[in-house]
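Q: First the structure, which I've put down as structure tokens, then a few questions once you've had a look.
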Amino acid sequence: MRESEPARTTGPSAGRRAMMLALATVGFAVNFWAWALLSPLAPLMKETLRLDSFAQALVVAVPVVVGSLGRIPVGALTDRYGGRVMFPLISAVTIVPVLFLGLVGHSSLVTLLAGGFVLGVGGTAFAVGVPFVSAWFPPRRRGLALGVFGAGMGGTAISALTTVNLVKAWSFPAPFLVTAGVLGGYAVVAALLLRDAPGRTSPRESLGRRLGAVLQLRVTWQASALYAVAFGGFVAFSVYLPAYLKTAYGLAQADAANRMAGFVLLAVLMRPVGGWLSDRLGPVRVLAWTFAVVAAGAVVQSFTPPLMPLGTIAFLAMAAALGAGSGAVFALVALLAPPQQVGSVTGVVGAAGGLGGFVPPLVMGALYGALSSYALGLVALALVAVAALVFTATGVRHAAQVRAPEVARHV
């Protein structure tokens, strides 16, 4: 029997579960808001500090890389200490680089990189929330709950919509001061109201030993591969889509950015839907369908069809599929990972997804530079999606069926 079963028999109320889910989702969104502060300001900092393109990219990339890799130890620490401790802690720690960057750290490349490195801590909040939320909900409802929590990645949209406007309306420190205030308020509220699920058990092994054990789990590597494609694809499009639309279709920068925002919004909204569908149809079925849609959309787009309506339909279909697939991956993790190791598994899987988003833009840019066409890059995406589909329908399905009869019903 799973260790979390006693907690379910005590029957925490639906209202209490909803409150914990809401607090975790807000915490995720607030920390992601902080995590994404530098990206909207990169063009301004490039002009002010006279940065070359590589330095500008480095400033944006450092928090993302640190936030992705940092999920591995933070997930393991969450297994040990629980979300009640880790959510307020991560939020409070993130205040430090936010204030540093807003007040003094934006004056040079060195201080930007140093502040951005610590700012990456905000991106680790994802690895706190997944095990925290998983422990509060039974298997048949975890998919929807984790999908709702995952919608907190919309915090990056808050940053995109407010950061530059606050700088223009007030001053450069304004968005950093506002974000620091919100983080501080959330840290206090979380410390007062967050509670770990009844019956939660803490592992006693050392951090190194627990991470080693997690890396031996089949679900860790399977979910990492799937999330690198699903969430990595979402990250890649959210980063590269404006440049693609501007080059392939000659759109103005503002129009391309607005279309990218629509892509991101649809993906964010579909993440809870993917979790909800996973509860009813099983995560394996949902993942198989999402990868099939991504493959079809990429093939269609490889011919650079007219943007209206065919190109738009292809991109929106891929956005919906990538969002739903991202939600389904963690429904799979919640079902297959041992309860006391969900945080550690989440950390590794989350890191794979974050890092997976960096490869496609590099490949697309290199192929376009060599061939003056995006077709081959989109064909490569279709092939990767087909490979993920085959892997899901064979290896992942088999592993889920072997795991346990009660789990197999959900896949």
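So you can find residues: chains in the structure tokens are A, B, ... in the order shown, residues in each start at 1, and ligands are numbered from 1 in order.
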Output as an MDAnalysis selection string all residues of stretch 204-255 of chain A that backbone DSSP marks as alpha helix (DSSP H).

A: chainID A and resid 207:215 218:249 253:255

Q: Tell me which protein, DNA and RNA residues are within 7 Å of A:Gly357, counting only C-alpha atoms, leaving out same-chain ones fewer than 4 positions away, and put them as a ChimeraX atom specification.

A: /A:232-233,235-236,353

Q: Report the distance between atom CA of A:Gly377 and atom CA of A:Val363 in Å, rounded to one decimal place.

A: 6.8 Å

Q: Residues near stretch 71-80 of chain A, anyone? I mean within 6 Å using only C-alpha atoms, not counting same-chain ones fewer than 4 positions away, as JSON, numbers by chain.

A: {"A": [124, 127, 128, 202, 203, 343, 344, 347, 348]}

Q: Could you write those residues out with C-alpha atoms, as an mmCIF file, in the first residue's frame?

A:
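What ended up in result-v6.cif:
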```cif
data_model
loop_
_atom_site.group_PDB
_atom_site.id
_atom_site.type_symbol
_atom_site.label_atom_id
_atom_site.label_comp_id
_atom_site.auth_asym_id
_atom_site.auth_seq_id
_atom_site.Cartn_x
_atom_site.Cartn_y
_atom_site.Cartn_z
ATOM 1 C CA THR A 124 12.674 25.993 -8.652
ATOM 2 C CA ALA A 127 9.587 21.299 -7.892
ATOM 3 C CA VAL A 128 8.074 22.353 -4.553
ATOM 4 C CA SER A 202 9.747 12.324 5.364
ATOM 5 C CA PRO A 203 12.588 10.198 3.957
ATOM 6 C CA GLY A 343 9.518 15.697 -5.229
ATOM 7 C CA SER A 344 12.848 14.244 -6.250
ATOM 8 C CA GLY A 347 12.985 17.950 -9.799
ATOM 9 C CA VAL A 348 14.739 15.817 -12.392
#
```

Q: When you look at stretch 139-147 of chain A with a cut-off of 6 Å (counting only C-alpha atoms), what residues show up, excluding the ones that are within fewer than 3 positions of it in the same chain? I need them as an MDAnalysis selection string.

A: chainID A and resid 150 271:272 275:276 278:279 327 331

Q: Which residues, written as a PyMOL selection string, have at least one atom at most 6 Å from stretch 174-181 of chain A, with only C-alpha atoms counted and residues fewer than 6 positions away on the same chain left out?

A: chain A and resi 95+98+102+163+166

Q: Give me, please, the distance in Å between atom CA of A:Phe172 and atom CA of A:Ala34, quoted to one decimal.

A: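 For atom CA of A:Phe172 relative to atom CA of A:Ala34, the distance reads 14.7 Å.
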
Q: Considering only C-alpha atoms, return as number ranges by chain whatever protein or nucleic-acid residues lie within 7 Å of stretch 216-221 of chain A, sequence-local ones (same chain, fewer than 3 positions apart) excluded.

A: A: 212-213, 224-225, 333, 336-337, 345, 349

Q: Between A:Val93, A:Val59, A:Val359, A:Ala191, single out the one closest to A:Met45, counting only C-alpha atoms.

A: A:Val59

Q: Between A:Ser13, A:Thr392, A:Gly82, A:Leu113, single out the one closest to A:Leu58, counting only C-alpha atoms.

A: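 Going through A:Ser13, A:Thr392, A:Gly82, A:Leu113 one by one, the smallest distance to A:Leu58 is for A:Leu113.
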
Q: Work out how far atom CA of A:Ala22 is from atom CA of A:Arg195, in Å to one decimal.

A: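 Taking atom CA of A:Arg195 and atom CA of A:Ala22, their separation equals 12.4 Å.
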
Q: Pick the closest to A:Ala61 from A:Gly116, A:Thr346, A:Phe149, A:Leu21: which is it, counting only C-alpha atoms?

A: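 The shortest atom-to-atom distance to A:Ala61 comes from A:Gly116.
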
Q: Give the answer as one residue: which of A:Leu335, A:Val286, A:Ala187, A:Ala324 has the shortest atom-to-atom distance to A:Met86, using only C-alpha atoms?

A: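 The closest residue to A:Met86 is A:Ala187.
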